[in-house]
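**Q** Got a structure for you, questions after.
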Amino acid sequence: MTRTFVRMALASVLLSTASFGYYHFTRYNGTSAPFNAIPEKFDLSALRNNTVTYHIAENGPSNYATTDGFPLVVSQIRAAARVWSEIETSELRLRFGGIIQQGANQNAATPSIDVVFEDLPPGVNGYGGPTVRNDIVNTSAGALMPIQRSVVVLARDIAARPSWSEQYFLTAVHEFGHALGLQHSFVSGAMATEITRATTKIRPILPDDAVGLSLLYPTRAFKEGLGTVTGRVATAANEGMGLASVVAVSPGGAAIGTLTHPDGSYRIDGLAPGQYFLYTHPLPPALQGEATPGNVVLPVDPAGRPLPGGQQFDTVFYPASRIPFATVEVVANTSKDGINFSVTRRNTPSSIHSVQTYSFPGQRAVKPAHVYTSGARNLVVISGTGLIQGGQPAPGLQIGSISGVVSVAPGGIQRYAPSPDFYLQAEFQFGQFASESPGHLIFSRNNDLYVLPYGLRVVERAAPQIESVTRGDASDVVITGTGLNASTKIGFDGAFGTVRSFDEISGRLTVTAPQAAVGTTMHVVAYGADGQSSLFMQPAVNYANPLSDSDAATLSATSLPSGTESLLEISGTNFSDASTSIGFGTPDITVQRVWFPSPNRMMANVLVAPGTSGNTYNFTVLNGLRLTTQTGALQVTASKAGWLTLPPSTNGGLVSGATATLQLNGLSINGLTPLQLTVNDRPAQILSVEGSTITFTVPTGLAPGVAVVRVQNGAEVALPLAVPVVQQMASISSVTAGFGVSITPERPARYGELISLLVTGLPENSAPVGSQPKITLSIGGIEHRLLTVNPNGSFLQLQFSIQTVVPQGTQPLVITVDGSPVAPYSLPVRAF
């Protein structure tokens, strides 16, 4: 295995540049068209459960703001990782792996991410990306260069940018994106550099970010129902523009972009059906300390040599216009090809770039600007290169918008008196039907054109404000203020409280605060569903935790054999699924799944990689804002042991009284010694043993939740394993096509037609009327997007359309509802 070490230089550091699309760390298999990109990304086949662990260096920042501290920093880092882990169209998941000594994981066999802290140059808040790569591998989904190790580097001095600030959190989100394989984007999302990033803590990513990650780690259903646009950016002389940014903008909606290949060709995936304006622009010029335009790490050829790109040309809307007038219609499951741009080369970069917008709903600057439909006009303060001359707006400067939802009022572009050399101001007015939406802005002057996606946000109400935070009953906290409602989320540093009640008359919220060490100062922020927060109007409100609980957490075992999987039980105080994470400070010990049978007890299946015997590892519990680490808590031994694994047929869980299978590893089954299997210490009837596969009957009367399975072969005892216990399976009672035509082997389901099915036998409380349970549906192993979901008590009606990639013949139809499997169903499928 060859490991390639990357330069972690300023070429991949977070600096202040203009921003606008997704792009990956890319290699090409040739130097001429057609260009086939080979991305650097984590190889999911090398990760159990498609999960990469991240580990946080124990030294932490060296200089904090008053009331800040390491546990609060760790809570924000965990929250930032969850942003990427919860993208539903991406297969990749991230899991907290504990606290480490900086540099301790360099020789770990399992791919992982290290979060470390360094002294950074002025103006640099963090950087990240792959640091160790393996040889290129070919997979069924195409070639890739596997990431073995990635790094997220954050500043040691955070006194001026405390952990509870939106800037610190959004920097962590951005650097995690680099660590997963995303480069800087140019559509103002999380992967934009900080100057034009248009995200907030409650809305930390935009569709462009989700598409970028989903292209690297797609679920089977990622592109279902979405469309594609392809084309080329070239001059009249047919010179292709490499690394040109191409952006598709839905008026008043999402913007998604990409960068061109070296020959100027491009492809934008993940577009919802509808009308789009498309535009292309060159990369912005490299700013101070940056090595390349747009601070993009250049693609390389098979020899590792950077490929050319980044030529300068005039920004245009499709096909070759300075104004958006021609739209492109995107159709579901269809590629719109031949959307080509004709551009004119130029010798110097555009004079307009690095534009930022601010609004002042109170006494604090908010970026990007938020304007309110409740006001006749809204003042926006704007900075950027090329906008100002001699303390006045530059002659000929015009500001417009793509959507038409907002426009600059007549005479509305003016000097900004408090700082006229660096800022100007513009008054915006609304169209007749303005509602909550993004405003994509256009700045033009002479021959220069600059587009700022999400340049402002149109919102309908003011940001929430907190007036008081007081202690309620037990661990409850009472929040009073303005603009609060039942959907308001209350953040305590990197964790959200649980809303218990909302009094509409007094506007008072009662919230259960996350766990924290006694005396911890929590920083309380109210977040609205429209992306605003109380930070728009006021600093975070301090609340000193008055509660005192034990920080101790005890493991049921202090050693595990190398190369095995086993149940560990952890006893402690006030654990919960939403806020408790555990780890062992190494990617070679991974937590596969965790259950919480009671507030004081956790059960975790832990996988120990082979080749780790003789090592001792720390154990960390992050419970809300409470962080505890036990040094040398778990030793890995070389002793022989049997262990259990669940085959796919049982992975969904055990059903009381049903038949199930499991795999016994590391112990021989010779038939001479009695084999015993228990579930929650109750004997289970063994039906058959074939090789290492045991088929058994699950004892009746098991309550849904989790059970402990144990196997003994004579004197040899396998390590225990926790297994979910689920309700008696619901079943599919009918499958029809069109207007009620039953699907049978004689009349199979056909590609593209609308299929309706009815699931019955669900628990009465699993799908209340009006709720939306989380459902997955696959046919022949291919995930499908649901068109209609109609839950009604114990019944569930679903509609979907069969994809053409499903093989013809009888295919397994597999459905889960809120994680519980529906009984398997065989669906006959044919093309026509």
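Identifiers in the structure tokens: chain A, B, ... in order shown; residue index from 1 per chain; ligand index from 1 in order shown.
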Determine, counting only C-alpha atoms, which protein, DNA and RNA residues have an atom within 9 Å of an atom of A:Gln808; residues of the same chain fewer than 6 positions away are not included. Present the result as a tab-separated table (two decimals) with N, CA, C and O atoms, in the first residue's frame.
**A**
```tsv
chain	number	residue	atom	x	y	z
A	828	PRO	N	-42.90	-8.71	-8.69
A	828	PRO	CA	-42.52	-8.98	-10.08
A	828	PRO	C	-42.37	-7.67	-10.86
A	828	PRO	O	-43.22	-6.78	-10.76
A	829	VAL	N	-41.29	-7.55	-11.64
A	829	VAL	CA	-40.98	-6.32	-12.36
A	829	VAL	C	-40.62	-6.66	-13.80
A	829	VAL	O	-39.93	-7.65	-14.07
A	830	ARG	N	-41.11	-5.81	-14.74
A	830	ARG	CA	-40.65	-5.93	-16.11
A	830	ARG	C	-40.62	-4.54	-16.75
A	830	ARG	O	-41.19	-3.59	-16.21
A	831	ALA	N	-39.95	-4.44	-17.89
A	831	ALA	CA	-39.76	-3.13	-18.50
A	831	ALA	C	-41.06	-2.54	-19.00
A	831	ALA	O	-41.40	-1.38	-18.70
```
**Q** Give me the residues within 8 Å of A:Val591 as a compact mmCIF listing (two decimals) with C-alpha atoms, in the first residue's frame, counting only C-alpha atoms and dropping any in the same chain fewer than 4 places off.
**A**
```txt
# COMPACT_ATOMS: atom_id res chain seq x y z
CA GLY A 97 -14.57 8.72 18.51
CA ILE A 582 -18.83 7.74 23.54
CA GLY A 583 -15.44 6.89 22.05
CA ALA A 604 -22.95 -0.40 23.06
CA ASN A 605 -21.68 -2.92 20.54
CA VAL A 606 -17.95 -2.21 20.14
CA LEU A 607 -15.80 -3.46 17.26
```
**Q** Can you tell me, as a list of chain:residue names, what residues are no more than 6 Å from A:Phe492 when counting only C-alpha atoms, ignoring any on the same chain fewer than 6 positions away?
**A**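 Residues near the query, excluding close chain neighbours: A:Met522, A:His523, A:Val524.
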**Q** Could you list, as a JSON list (two decimals) with C-alpha atoms, in the first residue's frame, every residue within 9 Å of A:Asn446, counting only C-alpha atoms and ignoring same-chain residues fewer than 6 positions away?
**A**
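Result file follows (part-v6.json):
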```json
[["chain", "number", "residue", "atom", "x", "y", "z"],
["A", 395, "PRO", "CA", -19.75, 55.43, -11.23],
["A", 396, "GLY", "CA", -22.17, 53.28, -13.21],
["A", 397, "LEU", "CA", -22.63, 50.71, -10.43]]
```
**Q** Just the number, please: distance in Å from atom CA of A:Pro514 to atom CA of A:Tyr64, one decimal.
**A** 21.7 Å
**Q** As JSON, numbers by chain, please: every residue in stretch 246-392 of chain A that a backbone DSSP assignment puts in strand (DSSP E).
**A** {"A": [246, 247, 248, 249, 255, 256, 257, 258, 259, 265, 266, 267, 268, 269, 270, 271, 274, 275, 276, 277, 278, 279, 280, 281, 316, 317, 328, 329, 330, 335, 336, 341, 342, 343, 353, 354, 355, 356, 357, 358, 369, 370, 371, 372, 378, 379, 380, 381, 382, 383, 384, 385, 388, 389, 392]}
**Q** Pick out the residues sitting within 7 Å of A:Val709, and hand them over as a PyMOL selection string; count only C-alpha atoms, and ignore anything fewer than 6 positions along from it in its own chain.
**A** chain A and resi 678-680+720-723
**Q** I'd like the neighbourhood of A:Phe222 as a VMD selection string, where a residue qualifies if any of its atoms comes within 10 Å (using only C-alpha atoms), though same-chain residues fewer than 2 positions away should be ignored.
**A** chain A and resid 88 to 91 211 214 to 215 217 to 220 224 to 226 269 to 270 783 to 785
**Q** Out of A:Thr131, A:Gln76, A:Gln803, A:Gln398, which residue has the shortest atom-to-atom distance to A:Trp164 when counting only C-alpha atoms?
**A** A:Gln76
**Q** Go through A:Asp208, A:Glu166, A:Glu329, A:Asp43 one by one, measure the shortest atom-to-atom distance of each to A:Gly181 using only C-alpha atoms, and give the residue with the smallest value.
**A**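 Nearest candidate to A:Gly181 out of A:Asp208, A:Glu166, A:Glu329, A:Asp43: A:Asp43.
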